[in-house]
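Asks: Okay, here's the structure, questions in a sec.
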Amino acid sequence: MSRSHRNQEQQRLEAQSGGTEDWRLWGPYLSERAWGTVREDYSPHGSAWEYFDHDQARSRAYRWNEDGLGGICDADQRLCLAVSLWNGRDSILKERMFGLTGNQGNHGEDVKECFFYQDALPSHALLRFLYKYPQAPFPYTEIEAENRRRSRDEPGFGLLDTGVFADGRYWDVEVTYAKKTCSSILVRITAVNRGPDPAVLHVLPTLWFRNTWSWGGNAGQRPSIRCDGARGASWRVRADHPELGPYLLHGRQEAQCLFTENESNLERLFGVANPTAYVKDAFHRRVIDQHEQAVNPEQVGTKFAAWHELRCGPGEQAVVELVLAPPENTRPFAAFEATIQRRFREADAFYEELAPAARGEDALVLRRAMAGMIWCKQFYHFDVRRWLDGDLVPPPGDRRQGRNRAWEHLRAADVISMPDSWEYPWFAAWDLAYHCMVFAHLDVDFAKEQVELLLSHRYLHPNGQIPAYEWAFGDVNPPVHAVAALKVFRAERTQRGGGDLRWLRRVFHKLTLNYVWWLNRKDNDGLNVFEGGFMGLDNISVYDRSSPLPPGFSLKQADATGWMAMFALNMTAMALELAQEQAEYEDMAIQYYEQFLAIANAIAGHAGSGVSLWDPEDGFFKDLLTTPDGTCHRLDVYSYVGLIPLFACEIVEPEILERTPRFKRLLEEHAGGLFNGHAICACPVAVNARGERLLSLVDHTMLPHILRRLLSKEEFLAPHGLRGVSRMHASKADLGRLPGIGQALISYEPGESRSSLFGGNSNWRGPVWMPINYSILQALTKFHRYLGPNFTVRAPSLGQGELTLQEVVNRLAERLVGLFRRDGAGRVPGLPGDAPFQHDPHWRDLRLFHEYFHGESGLGLGASHQTGWTGLAALLIKRRSDLQGRKPEQA
């Protein structure tokens, strides 16, 4: 499509890509939580939640990252802007989201607030955030006490459960950011009194600098914010930073200007004298404690707030308007409303073009999901070597033997797509790969940068390992970076008419290092059967798979080995793409395909123990436990673990093979999946009607056995997707005793976890997880593409008669999207049945995108804003729109 025909947002993204305009300079990069993180933890024993808790956050300056309420900042988080609130009754100025720590919650940590990401454009030219603030005192103590009282068998106790929203006694506070230019940002804060009585709300838009000056080094220069004059009711402050330059914050409505320093209140925290009279919690003390001396009368500091007192009758609203811009903006409020309305229209056009056939509920869900993806972009800052050294404070004695000691090279100061802006305000490697699949359709350049980021020298370990997450960078996440790279490359090729081979080449080389790490570190016997540990699936196994077994015992994992087979095929596909331009890469395609065949050979039982991970009697992949005497024991578990080998499949087009004749000859040598005289995989003799070949672990004889379990409502098929563990384990939980493990139990738990394994805030033993569901749908789509409409299956739980795999995919996708749509009874399954979401007009268009979903009811569980990989629901809606428009998405 020519530039003249592209919508305004796409033109902004093209300008960003071309380097002519930096629309990403400002964005929603300010986390909802910076306390309780590993980065801020300088405790002797790594107790991050307790070392820096929510109560300290208002008084203690952060070292690495800032947080705020629905805030924004520049891409290096030097200058931050957010909203602070007080309802006249709370004991704490509301500057950040409250939630429980991993040790306080009966199901692990989670946020206890009601906030929603309503809208966003990938250039951040429009951002819209909604916060529901009770008019009663915020029930901090009640929430913590009740959750501590409850057992793991009871649900968590949240803000809605306290009754503080009864009779509509709350404020809707909506914050809209609309960029006039890359660096000129219009801000509108709208407060609506939803209650039956007049009420007062204190609104304090807050501007501050992240404290970099207290930590020495080149960042030691102190910036400043000072009063820059007033005209009538309006006011203006100037923020000067040695690197960012000057910015002015203009206020249209009359306010009391407050100034302090972003410095810790050492007296409150530790009982020692403060080096300055003006500290971080000054606005709390000035507004709530009425301590006038808390703020600087000289009207200068590194933290500023404009204190507005709003009075509204029932149903009335009040507005606060601001502009943050460089000094050259001489008429900041010119065309204020017109600009905001134009950005709303541009957002409508962008999303309508993204999914033209999406209407009604689908359009709403897609837009909310994409907004959550964009709002969960966060500035992430962590220099592990400095952290290990303790910065300016001597580190605890055991710091050098503790967490992340082997990752001194890791230096992060980047905007990264986070899983959840409160519960997971840090990157997770395999989550990020799925995020990139979504971002490939929103902003393909950002997706490319994200794929490449964790492969850069600042993140990738010298030994080739990709860091997992800050709680333990050395943990092992599934190797899904390669499939993400392929999805992003193919998405760009579709959008722009050509793929970026230079980018793919760089990614391929780094992924080769990671692949070799897997071969050397997770295949201890060198037999192409892998032991990845817990692999991000937390409690899915009969025991903690990251814990060592007794000497001589080993666990050969179906999921780790399946992921690696997928990885090998992904690398084969990338090498074939690169070989179209540079013939030298054909050798790499051959090398990776030979390795795939070797893995398939081992899985099939033709190498090593001689026992296949595929159980032919049950028609399912299973883990294999080997004892010191060489005896093998299959773990009779039916879970996602045994479905993951299905993901190892790739389609090769005839055009690719014509330009890689040696690779084509290799396929012919191994026709029928033959390797070392054995049939091991679905690499067939024949091609389909389009001349394509399918490279896959699973062949057409195995697939029906897997689908029989997958599509049975008594096993994996749930009303809203595919469960993590077969429902059969509700009655077959006891697997008996296993050598090296002991009593093996795997119960079906469709809701929240009953164990504290990995913190207990996630559960893979029965709920529906979007990323695995999405990967299953992707694999089945490829099988349909190869096998065609003549391959059908009986799936009584999905409908009468024989279904093609495409029909299976369509019906499964509808179940997944159904988590967020209103059903026939007008209810959204993913939201609580007795909550105002279901009936209140001020809640009914709101959506949450949870970490996972109850295997029976579909209720959302875990992190409530995990529009990272749960945002994949938007791609399912887009896929439906594309199919309706007769533009099937490339698998």
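Just remember, in the structure tokens the first chain shown is A, the second B, etc., residues are 1-based per chain, and ligands are 1-based in the order shown.
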I'd like the contact shell of stretch 521-537 of chain A - 7 Å cut-off, only C-alpha atoms, skipping same-chain residues fewer than 3 positions apart - returned as a list in words.

Replies: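 Result of the neighbour search: Val476, Asn477, Pro478, Trp517, Trp518, Ile540, Asp544, Arg545, Ser546, Leu555, Lys556, Gln557, Ala560, Thr561, Ala598, Ile599, Ala602, Ile603, Ala607, Gly608 and Trp764 of chain A.
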
Asks: Output as a PyMOL selection string all residues of stretch 434-643 of chain A that backbone DSSP marks as alpha helix (DSSP H).

Replies: chain A and resi 434-442+444-453+481-496+501-521+558-579+585-603

Asks: Which residues come within 10 Å of A:Ala485, counting only C-alpha atoms, excluding same-chain residues fewer than 5 positions away, as JSON, numbers by chain?

Replies: {"A": [433, 436, 437, 440, 447, 448, 450, 451, 452, 480, 490, 491, 503, 504, 507, 508, 511, 570, 571, 574]}

Asks: Within 7 Å of A:Ala733, counting only C-alpha atoms, which residues show up once you throw out same-chain ones fewer than 4 positions away? Write them as JSON, numbers by chain, please.

Replies: {"A": [729, 745, 746, 747]}

Asks: Selection from above, all heavy atoms, as a compact mmCIF listing (two decimals), in the first residue's frame, can you write it?

Replies:
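What landed in out-v8.txt:
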```
# COMPACT_ATOMS: atom_id res chain seq x y z
N HIS A 729 -7.30 -36.87 35.15
CA HIS A 729 -6.53 -36.91 36.38
C HIS A 729 -7.34 -36.49 37.60
O HIS A 729 -6.84 -36.56 38.73
CB HIS A 729 -5.26 -36.07 36.25
CG HIS A 729 -4.21 -36.71 35.39
ND1 HIS A 729 -3.62 -37.90 35.71
CD2 HIS A 729 -3.67 -36.32 34.21
CE1 HIS A 729 -2.75 -38.22 34.78
NE2 HIS A 729 -2.75 -37.29 33.85
N LEU A 745 2.07 -37.86 42.30
CA LEU A 745 0.69 -37.39 42.26
C LEU A 745 0.57 -36.28 41.23
O LEU A 745 1.42 -35.39 41.15
CB LEU A 745 0.26 -36.85 43.63
CG LEU A 745 0.29 -37.85 44.80
CD1 LEU A 745 0.03 -37.12 46.11
CD2 LEU A 745 -0.76 -38.94 44.58
N ILE A 746 -0.48 -36.32 40.44
CA ILE A 746 -0.75 -35.24 39.48
C ILE A 746 -2.26 -35.05 39.43
O ILE A 746 -2.97 -35.69 38.66
CB ILE A 746 -0.17 -35.54 38.07
CG1 ILE A 746 -0.41 -34.37 37.13
CG2 ILE A 746 -0.68 -36.86 37.52
CD1 ILE A 746 0.44 -33.17 37.41
N SER A 747 -2.77 -34.20 40.29
CA SER A 747 -4.21 -34.00 40.37
C SER A 747 -4.67 -32.96 39.36
O SER A 747 -3.91 -32.06 38.98
CB SER A 747 -4.60 -33.56 41.79
OG SER A 747 -3.89 -32.38 42.13
```

Asks: Report as a list in words all protein, DNA and RNA residues lying within 9 Å of A:Val808, evaluated on only C-alpha atoms, omitting residues in the same chain fewer than 3 positions from it.

Replies: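 Using only C-alpha atoms, the neighbours found are Leu711, Leu777, Leu780, Val793, Ala795, Leu798, Leu803, Thr804, Leu805, Arg811, Leu812 and Ala813 of chain A.
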
Asks: Residues near A:Lys878, anyone? I mean within 12 Å using only C-alpha atoms, not counting same-chain ones fewer than 6 positions away, as a PyMOL selection string.

Replies: chain A and resi 351-359+362-363+365-367+369-370+438+441-442+813-814+817+871-872+884-885+887-889

Asks: Looking only at strand (DSSP E or B) from DSSP on the backbone, list the matching residues of stretch 513-750 of chain A as a PyMOL selection string.

Replies: chain A and resi 554-556+614-615+620-621+624-626+632-634+639+649-652+674-675+678-679+693-696+717-718+721-723+725+734-738+742-745

Asks: With C-alpha atoms retained, export the selected residues as an mmCIF file, in the first residue's frame.

Replies:
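The file below, selection_13.cif, is the result:
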```cif
data_model
loop_
_atom_site.group_PDB
_atom_site.id
_atom_site.type_symbol
_atom_site.label_atom_id
_atom_site.label_comp_id
_atom_site.auth_asym_id
_atom_site.auth_seq_id
_atom_site.Cartn_x
_atom_site.Cartn_y
_atom_site.Cartn_z
ATOM 1 C CA SER A 554 17.518 -38.598 34.904
ATOM 2 C CA LEU A 555 14.267 -37.293 33.472
ATOM 3 C CA LYS A 556 13.988 -37.169 29.684
ATOM 4 C CA TRP A 614 5.810 -41.694 22.285
ATOM 5 C CA ASP A 615 3.633 -44.236 24.020
ATOM 6 C CA PHE A 620 0.606 -39.713 23.671
ATOM 7 C CA PHE A 621 4.064 -38.297 24.394
ATOM 8 C CA LEU A 624 10.773 -40.877 30.659
ATOM 9 C CA LEU A 625 12.479 -41.499 33.987
ATOM 10 C CA THR A 626 15.703 -43.534 33.767
ATOM 11 C CA CYS A 632 13.031 -46.698 32.001
ATOM 12 C CA HIS A 633 9.702 -45.663 33.510
ATOM 13 C CA ARG A 634 7.100 -43.693 31.613
ATOM 14 C CA SER A 639 -0.740 -32.662 30.116
ATOM 15 C CA CYS A 649 6.240 -28.739 12.344
ATOM 16 C CA GLU A 650 7.144 -26.543 9.386
ATOM 17 C CA ILE A 651 5.816 -26.188 5.843
ATOM 18 C CA VAL A 652 8.419 -25.881 3.060
ATOM 19 C CA LEU A 674 13.369 -42.536 7.411
ATOM 20 C CA PHE A 675 16.565 -42.009 9.415
ATOM 21 C CA HIS A 678 13.805 -46.176 10.969
ATOM 22 C CA ALA A 679 10.610 -44.274 10.289
ATOM 23 C CA ARG A 693 6.307 -30.578 2.155
ATOM 24 C CA LEU A 694 5.586 -31.000 5.850
ATOM 25 C CA LEU A 695 8.495 -31.427 8.243
ATOM 26 C CA SER A 696 7.061 -32.648 11.549
ATOM 27 C CA LEU A 717 -11.260 -29.828 25.767
ATOM 28 C CA ALA A 718 -12.689 -27.209 28.116
ATOM 29 C CA GLY A 721 -10.032 -23.752 25.319
ATOM 30 C CA LEU A 722 -7.659 -26.601 26.066
ATOM 31 C CA ARG A 723 -6.784 -27.463 29.667
ATOM 32 C CA VAL A 725 -3.871 -31.254 32.381
ATOM 33 C CA ASP A 734 -2.093 -41.252 42.068
ATOM 34 C CA LEU A 735 0.500 -42.658 39.664
ATOM 35 C CA GLY A 736 2.075 -44.896 42.304
ATOM 36 C CA ARG A 737 5.664 -44.809 43.466
ATOM 37 C CA LEU A 738 8.458 -43.929 41.081
ATOM 38 C CA GLY A 742 8.640 -41.408 45.505
ATOM 39 C CA GLN A 743 4.874 -41.093 45.486
ATOM 40 C CA ALA A 744 3.848 -39.497 42.192
ATOM 41 C CA LEU A 745 0.687 -37.390 42.259
#
```

Asks: Suppose you want the space between atom CA of A:Ala233 and atom CA of A:Cys312; what is it in Å?

Replies: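 Taking atom CA of A:Ala233 and atom CA of A:Cys312, their separation equals 19.5 Å.
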
Asks: Using only C-alpha atoms, which protein or nucleic acid residues come within 12 Å of A:Arg794? Drop anything in the same chain fewer than 3 positions from it, and give the result as a PyMOL selection string.

Replies: chain A and resi 704-705+707-712+791+797-805+807-808

Asks: Save the residues we just selected, N, CA, C and O atoms, as a PDB file, in the first residue's frame?

Replies:
```
ATOM      1  N   PRO A 704      -4.279 -38.459  14.792  1.00  0.00           N
ATOM      2  CA  PRO A 704      -5.626 -38.791  15.285  1.00  0.00           C
ATOM      3  C   PRO A 704      -5.655 -39.227  16.746  1.00  0.00           C
ATOM      4  O   PRO A 704      -6.613 -38.929  17.466  1.00  0.00           O
ATOM      5  N   HIS A 705      -4.606 -39.928  17.208  1.00  0.00           N
ATOM      6  CA  HIS A 705      -4.554 -40.351  18.609  1.00  0.00           C
ATOM      7  C   HIS A 705      -4.450 -39.138  19.539  1.00  0.00           C
ATOM      8  O   HIS A 705      -5.109 -39.088  20.592  1.00  0.00           O
ATOM      9  N   LEU A 707      -5.392 -36.061  18.784  1.00  0.00           N
ATOM     10  CA  LEU A 707      -6.633 -35.293  18.680  1.00  0.00           C
ATOM     11  C   LEU A 707      -7.771 -35.949  19.455  1.00  0.00           C
ATOM     12  O   LEU A 707      -8.661 -35.256  19.964  1.00  0.00           O
ATOM     13  N   ARG A 708      -7.754 -37.262  19.547  1.00  0.00           N
ATOM     14  CA  ARG A 708      -8.805 -37.946  20.298  1.00  0.00           C
ATOM     15  C   ARG A 708      -8.828 -37.465  21.739  1.00  0.00           C
ATOM     16  O   ARG A 708      -9.903 -37.244  22.319  1.00  0.00           O
ATOM     17  N   ARG A 709      -7.667 -37.303  22.334  1.00  0.00           N
ATOM     18  CA  ARG A 709      -7.599 -36.782  23.713  1.00  0.00           C
ATOM     19  C   ARG A 709      -7.820 -35.269  23.733  1.00  0.00           C
ATOM     20  O   ARG A 709      -8.515 -34.740  24.601  1.00  0.00           O
ATOM     21  N   LEU A 710      -7.221 -34.598  22.775  1.00  0.00           N
ATOM     22  CA  LEU A 710      -7.265 -33.141  22.742  1.00  0.00           C
ATOM     23  C   LEU A 710      -8.700 -32.631  22.633  1.00  0.00           C
ATOM     24  O   LEU A 710      -9.064 -31.622  23.268  1.00  0.00           O
ATOM     25  N   LEU A 711      -9.517 -33.305  21.859  1.00  0.00           N
ATOM     26  CA  LEU A 711     -10.859 -32.820  21.550  1.00  0.00           C
ATOM     27  C   LEU A 711     -11.949 -33.514  22.354  1.00  0.00           C
ATOM     28  O   LEU A 711     -13.130 -33.416  22.025  1.00  0.00           O
ATOM     29  N   SER A 712     -11.563 -34.196  23.415  1.00  0.00           N
ATOM     30  CA  SER A 712     -12.539 -34.830  24.298  1.00  0.00           C
ATOM     31  C   SER A 712     -12.799 -33.940  25.504  1.00  0.00           C
ATOM     32  O   SER A 712     -11.863 -33.513  26.195  1.00  0.00           O
ATOM     33  N   PHE A 791      -8.476 -34.700   5.072  1.00  0.00           N
ATOM     34  CA  PHE A 791      -8.112 -35.247   6.387  1.00  0.00           C
ATOM     35  C   PHE A 791      -9.124 -34.700   7.392  1.00  0.00           C
ATOM     36  O   PHE A 791      -9.171 -33.494   7.653  1.00  0.00           O
ATOM     37  N   SER A 797     -17.502 -33.572  20.763  1.00  0.00           N
ATOM     38  CA  SER A 797     -17.596 -32.455  21.710  1.00  0.00           C
ATOM     39  C   SER A 797     -17.597 -31.106  21.006  1.00  0.00           C
ATOM     40  O   SER A 797     -17.969 -30.086  21.594  1.00  0.00           O
ATOM     41  N   LEU A 798     -17.161 -31.085  19.725  1.00  0.00           N
ATOM     42  CA  LEU A 798     -17.150 -29.841  18.962  1.00  0.00           C
ATOM     43  C   LEU A 798     -18.286 -29.753  17.956  1.00  0.00           C
ATOM     44  O   LEU A 798     -18.502 -28.699  17.355  1.00  0.00           O
ATOM     45  N   GLY A 799     -18.970 -30.850  17.714  1.00  0.00           N
ATOM     46  CA  GLY A 799     -20.057 -30.827  16.739  1.00  0.00           C
ATOM     47  C   GLY A 799     -20.232 -32.177  16.082  1.00  0.00           C
ATOM     48  O   GLY A 799     -19.412 -33.083  16.225  1.00  0.00           O
ATOM     49  N   GLN A 800     -21.289 -32.295  15.324  1.00  0.00           N
ATOM     50  CA  GLN A 800     -21.610 -33.560  14.680  1.00  0.00           C
ATOM     51  C   GLN A 800     -20.787 -33.748  13.414  1.00  0.00           C
ATOM     52  O   GLN A 800     -20.369 -32.779  12.774  1.00  0.00           O
ATOM     53  N   GLY A 801     -20.579 -35.018  13.042  1.00  0.00           N
ATOM     54  CA  GLY A 801     -19.934 -35.334  11.784  1.00  0.00           C
ATOM     55  C   GLY A 801     -18.430 -35.174  11.819  1.00  0.00           C
ATOM     56  O   GLY A 801     -17.819 -34.939  12.868  1.00  0.00           O
ATOM     57  N   GLU A 802     -17.842 -35.322  10.643  1.00  0.00           N
ATOM     58  CA  GLU A 802     -16.396 -35.201  10.496  1.00  0.00           C
ATOM     59  C   GLU A 802     -16.010 -33.734  10.327  1.00  0.00           C
ATOM     60  O   GLU A 802     -16.669 -32.987   9.599  1.00  0.00           O
ATOM     61  N   LEU A 803     -14.910 -33.341  10.970  1.00  0.00           N
ATOM     62  CA  LEU A 803     -14.421 -31.966  10.880  1.00  0.00           C
ATOM     63  C   LEU A 803     -13.043 -31.948  10.244  1.00  0.00           C
ATOM     64  O   LEU A 803     -12.196 -32.795  10.557  1.00  0.00           O
ATOM     65  N   THR A 804     -12.815 -30.973   9.385  1.00  0.00           N
ATOM     66  CA  THR A 804     -11.446 -30.747   8.911  1.00  0.00           C
ATOM     67  C   THR A 804     -10.656 -30.097  10.032  1.00  0.00           C
ATOM     68  O   THR A 804     -11.231 -29.560  11.000  1.00  0.00           O
ATOM     69  N   LEU A 805      -9.336 -30.123   9.916  1.00  0.00           N
ATOM     70  CA  LEU A 805      -8.513 -29.487  10.942  1.00  0.00           C
ATOM     71  C   LEU A 805      -8.755 -27.983  10.981  1.00  0.00           C
ATOM     72  O   LEU A 805      -8.652 -27.354  12.043  1.00  0.00           O
ATOM     73  N   GLU A 807     -11.634 -26.536  10.510  1.00  0.00           N
ATOM     74  CA  GLU A 807     -12.862 -26.367  11.294  1.00  0.00           C
ATOM     75  C   GLU A 807     -12.578 -26.568  12.780  1.00  0.00           C
ATOM     76  O   GLU A 807     -13.144 -25.858  13.629  1.00  0.00           O
ATOM     77  N   VAL A 808     -11.700 -27.496  13.107  1.00  0.00           N
ATOM     78  CA  VAL A 808     -11.298 -27.698  14.505  1.00  0.00           C
ATOM     79  C   VAL A 808     -10.649 -26.436  15.046  1.00  0.00           C
ATOM     80  O   VAL A 808     -10.979 -25.953  16.142  1.00  0.00           O
TER      81      VAL A 808
END
```

Asks: Between A:Asn329, A:Gln293, A:Gln299, A:Asn763, which one has atoms that come closest to A:His250, using only C-alpha atoms?

Replies: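 Checking each candidate against A:His250, we get A:Asn329 as the closest.
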
Asks: Quote the spacing between atom CA of A:Glu316 and atom CA of A:Gln253 in Å to one decimal place.

Replies: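 Going from atom CA of A:Glu316 over to atom CA of A:Gln253 covers 17.3 Å.
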
Asks: What is the atom CA of A:Lys112-atom CA of A:Cys80 distance in Å, reported with one decimal?

Replies: 23.5 Å

Asks: Select from stretch 383-447 of chain A every residue with an atom at most 7 Å from any atom of stretch 44-65 of chain A, then for each give the shortest pair of atoms and their distance in Å to one decimal, using only C-alpha atoms, rows by chain and rising number, as a tab-separated table.

Replies:
```
residue	atom	partner	partner_atom	distance
A:Pro396	CA	A:Pro44	CA	5.0
A:Asp398	CA	A:Pro44	CA	6.6
A:Arg399	CA	A:Pro44	CA	6.8
```

Asks: Would you mind exporting the chosen residues as a PDB file, in the first residue's frame, restricted to all heavy atoms?

Replies:
```pdb
ATOM      1  N   PRO A 396      25.649  -7.283  51.025  1.00  0.00           N
ATOM      2  CA  PRO A 396      25.646  -8.341  52.040  1.00  0.00           C
ATOM      3  C   PRO A 396      26.758  -9.359  51.754  1.00  0.00           C
ATOM      4  O   PRO A 396      27.155  -9.555  50.600  1.00  0.00           O
ATOM      5  CB  PRO A 396      24.264  -8.973  51.883  1.00  0.00           C
ATOM      6  CG  PRO A 396      23.446  -7.944  51.185  1.00  0.00           C
ATOM      7  CD  PRO A 396      24.373  -7.172  50.323  1.00  0.00           C
ATOM      8  N   ASP A 398      26.894 -12.539  51.555  1.00  0.00           N
ATOM      9  CA  ASP A 398      26.667 -13.684  50.673  1.00  0.00           C
ATOM     10  C   ASP A 398      26.141 -13.280  49.304  1.00  0.00           C
ATOM     11  O   ASP A 398      25.723 -14.126  48.523  1.00  0.00           O
ATOM     12  CB  ASP A 398      25.694 -14.669  51.323  1.00  0.00           C
ATOM     13  CG  ASP A 398      24.342 -14.036  51.635  1.00  0.00           C
ATOM     14  OD1 ASP A 398      24.196 -12.812  51.433  1.00  0.00           O
ATOM     15  OD2 ASP A 398      23.436 -14.775  52.079  1.00  0.00           O
ATOM     16  N   ARG A 399      26.148 -11.961  48.988  1.00  0.00           N
ATOM     17  CA  ARG A 399      25.616 -11.518  47.706  1.00  0.00           C
ATOM     18  C   ARG A 399      26.337 -12.189  46.535  1.00  0.00           C
ATOM     19  O   ARG A 399      25.719 -12.584  45.546  1.00  0.00           O
ATOM     20  CB  ARG A 399      25.716  -9.988  47.606  1.00  0.00           C
ATOM     21  CG  ARG A 399      25.378  -9.389  46.235  1.00  0.00           C
ATOM     22  CD  ARG A 399      23.935  -9.676  45.794  1.00  0.00           C
ATOM     23  NE  ARG A 399      22.946  -9.120  46.697  1.00  0.00           N
ATOM     24  CZ  ARG A 399      22.438  -7.877  46.596  1.00  0.00           C
ATOM     25  NH1 ARG A 399      22.845  -7.100  45.634  1.00  0.00           N
ATOM     26  NH2 ARG A 399      21.543  -7.454  47.439  1.00  0.00           N
TER      27      ARG A 399
END
```

Asks: For A:Trp426, which residue out of A:Glu408, A:Asp110, A:Glu470, A:Asp240 is the nearest one, using only C-alpha atoms?

Replies: A:Glu470

Asks: Do you have, as a tab-separated table, the list of residues of stretch 129-159 of chain A lying at most 10 Å from stretch 189-208 of chain A, each with its nearest atom pair and that distance in Å to one decimal, counting only C-alpha atoms and ordered by chain then number?

Replies:
```
residue	atom	partner	partner_atom	distance
A:Phe129	CA	A:Ile189	CA	9.6
A:Leu130	CA	A:Thr190	CA	9.5
A:Tyr131	CA	A:Ala191	CA	9.6
A:Lys132	CA	A:Ala191	CA	9.7
A:Tyr133	CA	A:Leu201	CA	9.7
A:Pro134	CA	A:Gly195	CA	9.6
A:Gln135	CA	A:Ala199	CA	7.9
```
